[in-house]
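Trainee: I have a structure I would like to understand better, so I am pasting it below and will then ask my questions one at a time.
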Amino acid sequence: MTAKRALDLVGGLVLLALLAPVIAALALSVALGRPGGPHRVLRRRPVAGRDGRTFTMLTFRTKSPLACLPQLLHVVAGRMSLVGPCPLAPGHRESVGEGRRRLSVRPGMTGPWQISGRSELPWEERELLDLHYVDHHWLGMDLAVLARTLPAVVRKRRQATRAAGRTPGQKGDAGRAARVA
């Protein structure tokens, strides 16, 4: 077992154990959160894994950053890594041609693309970050990416909250009304 796989296995199991109450509460919230009774909790989508093997990636049916928590199951099972290239659909344009190199490693829950701006990055830059990771990854890089992921997610959430014209904790029109008053 490589050091990277050991980190994935131990890290994934520890995170699953620590976050089990959050995962259960989020699953219940998603299931009961909409009118009309219980709803499906998980979203499934095909993803190209290591060596191009396709698997069905699970995420919660929510837009919260916690939506990716079910991916910890894939990390423990060895289909994903904590850190790696962004998961893509099979046959995606970034996983063919020169981009096929990205299939030599497992896709990650996070990676350089996550801590470098995620959705604000042009596709070409994200692809370059992924390919650089594939060519130069090592355990120290993974640890650095993991250390920077939570602050990047928190920063992104704050920016989204400010862009929506709210302060954290306020919702919709109530937040706007509180600022106007």
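Residue numbering restarts at 1 in every chain; chains get A, B, ... in the order shown in the structure tokens, and ligands count up from 1 in that same order.
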Pick out the residues sitting within 9 Å of A:His74, and hand them over as a list in words; count only C-alpha atoms, and ignore anything fewer than 6 positions along from it in its own chain.

Mentor: Gly12, Met57, Leu58, Met80 and Ser81 of chain A

Trainee: May I have the selected residues written with all heavy atoms, as a CSV table (one decimal), in the first residue's frame?

Mentor:
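Dumped everything to out04.csv:
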```csv
chain,number,residue,atom,x,y,z
A,12,GLY,N,-10.0,9.0,5.2
A,12,GLY,CA,-11.4,8.8,4.8
A,12,GLY,C,-12.2,8.1,6.0
A,12,GLY,O,-13.3,8.5,6.3
A,57,MET,N,-20.6,8.0,-9.0
A,57,MET,CA,-20.2,8.9,-7.8
A,57,MET,C,-21.5,9.4,-7.2
A,57,MET,O,-22.5,9.7,-7.8
A,57,MET,CB,-19.4,10.1,-8.3
A,57,MET,CG,-18.9,10.9,-7.2
A,57,MET,SD,-17.8,12.2,-7.8
A,57,MET,CE,-18.9,13.3,-8.5
A,58,LEU,N,-21.5,9.3,-5.8
A,58,LEU,CA,-22.6,9.8,-5.0
A,58,LEU,C,-22.3,11.1,-4.4
A,58,LEU,O,-21.2,11.4,-3.9
A,58,LEU,CB,-22.8,8.8,-3.9
A,58,LEU,CG,-23.0,7.3,-4.2
A,58,LEU,CD1,-23.1,6.5,-3.0
A,58,LEU,CD2,-24.3,7.2,-5.0
A,80,MET,N,-11.8,6.8,-5.4
A,80,MET,CA,-11.4,8.2,-5.4
A,80,MET,C,-10.3,8.4,-4.4
A,80,MET,O,-10.0,7.5,-3.6
A,80,MET,CB,-12.6,9.1,-5.0
A,80,MET,CG,-13.7,9.2,-6.1
A,80,MET,SD,-15.0,10.3,-5.6
A,80,MET,CE,-14.2,11.9,-5.8
A,81,SER,N,-9.8,9.6,-4.4
A,81,SER,CA,-8.7,9.9,-3.5
A,81,SER,C,-9.2,11.2,-2.8
A,81,SER,O,-10.1,11.9,-3.2
A,81,SER,CB,-7.4,10.2,-4.2
A,81,SER,OG,-6.4,10.5,-3.3
```

Trainee: Write down as a PyMOL selection string the residues of stretch 79-147 of chain A whose backbone DSSP state falls under helix (DSSP H, G or I).

Mentor: chain A and resi 93-95+97-104+112-115+118-120+123-136+139-147

Trainee: Residues of stretch 14-95 of chain A that have any atom at most 6 Å from an atom of stretch 102-114 of chain A: could you tabulate them with the shortest-distance atom pair and the distance in Å to one decimal, using only C-alpha atoms, ordered by chain and increasing number, as CSV?

Mentor:
```
residue,atom,partner,partner_atom,distance
A:Gly49,CA,A:Arg106,CA,5.7
A:Arg50,CA,A:Arg106,CA,4.7
A:Asp51,CA,A:Leu103,CA,5.0
A:Gly52,CA,A:Leu103,CA,5.7
A:Met80,CA,A:Arg106,CA,5.1
A:Ser81,CA,A:Gly108,CA,4.6
A:Leu82,CA,A:Met109,CA,5.1
A:Val83,CA,A:Gly108,CA,4.4
A:Gly84,CA,A:Gly108,CA,3.8
A:Pro85,CA,A:Pro107,CA,4.9
A:Cys86,CA,A:Pro107,CA,5.7
A:Pro87,CA,A:Pro107,CA,5.0
```

Trainee: Mind writing the picked residues with N, CA, C and O atoms as a PDB file, in the first residue's frame?

Mentor:
```pdb
ATOM      1  N   GLY A  49     -12.958   7.017 -13.509  1.00  0.00           N
ATOM      2  CA  GLY A  49     -11.991   6.825 -12.438  1.00  0.00           C
ATOM      3  C   GLY A  49     -10.617   6.510 -12.984  1.00  0.00           C
ATOM      4  O   GLY A  49     -10.315   6.739 -14.166  1.00  0.00           O
ATOM      5  N   ARG A  50      -9.782   5.970 -12.119  1.00  0.00           N
ATOM      6  CA  ARG A  50      -8.419   5.623 -12.503  1.00  0.00           C
ATOM      7  C   ARG A  50      -8.438   4.629 -13.656  1.00  0.00           C
ATOM      8  O   ARG A  50      -9.264   3.720 -13.691  1.00  0.00           O
ATOM      9  N   ASP A  51      -7.555   4.829 -14.605  1.00  0.00           N
ATOM     10  CA  ASP A  51      -7.448   3.998 -15.804  1.00  0.00           C
ATOM     11  C   ASP A  51      -8.723   4.003 -16.636  1.00  0.00           C
ATOM     12  O   ASP A  51      -8.972   3.083 -17.418  1.00  0.00           O
ATOM     13  N   GLY A  52      -9.573   5.020 -16.465  1.00  0.00           N
ATOM     14  CA  GLY A  52     -10.779   5.166 -17.261  1.00  0.00           C
ATOM     15  C   GLY A  52     -11.943   4.299 -16.831  1.00  0.00           C
ATOM     16  O   GLY A  52     -12.983   4.293 -17.479  1.00  0.00           O
ATOM     17  N   MET A  80     -11.833   6.757  -5.389  1.00  0.00           N
ATOM     18  CA  MET A  80     -11.447   8.171  -5.400  1.00  0.00           C
ATOM     19  C   MET A  80     -10.326   8.362  -4.387  1.00  0.00           C
ATOM     20  O   MET A  80     -10.017   7.463  -3.608  1.00  0.00           O
ATOM     21  N   SER A  81      -9.766   9.552  -4.418  1.00  0.00           N
ATOM     22  CA  SER A  81      -8.730   9.932  -3.465  1.00  0.00           C
ATOM     23  C   SER A  81      -9.185  11.198  -2.751  1.00  0.00           C
ATOM     24  O   SER A  81     -10.065  11.914  -3.248  1.00  0.00           O
ATOM     25  N   LEU A  82      -8.618  11.483  -1.600  1.00  0.00           N
ATOM     26  CA  LEU A  82      -8.936  12.747  -0.950  1.00  0.00           C
ATOM     27  C   LEU A  82      -8.488  13.904  -1.835  1.00  0.00           C
ATOM     28  O   LEU A  82      -9.177  14.911  -1.971  1.00  0.00           O
ATOM     29  N   VAL A  83      -7.306  13.760  -2.462  1.00  0.00           N
ATOM     30  CA  VAL A  83      -6.755  14.799  -3.335  1.00  0.00           C
ATOM     31  C   VAL A  83      -6.475  14.189  -4.699  1.00  0.00           C
ATOM     32  O   VAL A  83      -5.885  13.117  -4.805  1.00  0.00           O
ATOM     33  N   GLY A  84      -6.898  14.883  -5.750  1.00  0.00           N
ATOM     34  CA  GLY A  84      -6.653  14.404  -7.102  1.00  0.00           C
ATOM     35  C   GLY A  84      -7.307  15.325  -8.116  1.00  0.00           C
ATOM     36  O   GLY A  84      -7.861  16.368  -7.752  1.00  0.00           O
ATOM     37  N   PRO A  85      -7.267  14.951  -9.378  1.00  0.00           N
ATOM     38  CA  PRO A  85      -7.924  15.752 -10.411  1.00  0.00           C
ATOM     39  C   PRO A  85      -9.432  15.793 -10.192  1.00  0.00           C
ATOM     40  O   PRO A  85     -10.008  14.894  -9.579  1.00  0.00           O
ATOM     41  N   CYS A  86     -10.055  16.810 -10.705  1.00  0.00           N
ATOM     42  CA  CYS A  86     -11.502  16.968 -10.605  1.00  0.00           C
ATOM     43  C   CYS A  86     -12.197  15.782 -11.291  1.00  0.00           C
ATOM     44  O   CYS A  86     -11.823  15.398 -12.395  1.00  0.00           O
ATOM     45  N   PRO A  87     -13.200  15.171 -10.636  1.00  0.00           N
ATOM     46  CA  PRO A  87     -13.924  14.062 -11.270  1.00  0.00           C
ATOM     47  C   PRO A  87     -14.680  14.539 -12.514  1.00  0.00           C
ATOM     48  O   PRO A  87     -15.330  15.580 -12.480  1.00  0.00           O
TER      49      PRO A  87
END
```

Trainee: Please, what distance in Å, to one decimal, runs between atom CA of A:Ala31 and atom CA of A:Arg61?

Mentor: 9.0 Å

Trainee: Tell me, as a PyMOL selection string, which residues lie within 10 Å of A:Trp138, counting only C-alpha atoms; anything in the same chain fewer than 4 positions away does not count.

Mentor: chain A and resi 3-4+133-134+142-143

Trainee: Keeping only N, CA, C and O atoms, take the residues you just selected and write them out as a tab-separated table (two decimals), in the first residue's frame.

Mentor:
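The result, written out as again.tsv:
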```tsv
chain	number	residue	atom	x	y	z
A	3	ALA	N	1.88	5.34	0.42
A	3	ALA	CA	1.59	6.33	1.47
A	3	ALA	C	0.34	7.12	1.12
A	3	ALA	O	-0.46	7.45	2.01
A	4	LYS	N	0.13	7.42	-0.17
A	4	LYS	CA	-1.06	8.15	-0.59
A	4	LYS	C	-2.32	7.35	-0.29
A	4	LYS	O	-3.29	7.87	0.24
A	133	TYR	N	-0.81	18.44	-11.37
A	133	TYR	CA	-0.95	17.56	-10.21
A	133	TYR	C	-0.61	16.12	-10.61
A	133	TYR	O	0.14	15.43	-9.92
A	134	VAL	N	-1.16	15.65	-11.72
A	134	VAL	CA	-0.91	14.27	-12.17
A	134	VAL	C	0.58	14.03	-12.36
A	134	VAL	O	1.11	13.00	-11.95
A	142	ASP	N	-0.24	16.71	-1.39
A	142	ASP	CA	-1.58	16.32	-0.93
A	142	ASP	C	-1.89	16.94	0.43
A	142	ASP	O	-2.98	17.46	0.64
A	143	LEU	N	-0.94	16.89	1.34
A	143	LEU	CA	-1.15	17.47	2.67
A	143	LEU	C	-1.35	18.98	2.59
A	143	LEU	O	-2.20	19.54	3.29
```

Trainee: Just asking: which residues within chain A are strand (DSSP E or B) according to DSSP, as a list in words?

Mentor: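 Output for chain A, strand (DSSP E or B) only: Leu42, Arg43, Arg44, Arg45, Pro46, Val47, Ala48, Thr54, Phe55, Thr56, Met57, Leu58, Thr59, Phe60, Ser81, Leu82, Val83, Gly108, Met109 and Thr110 of chain A.
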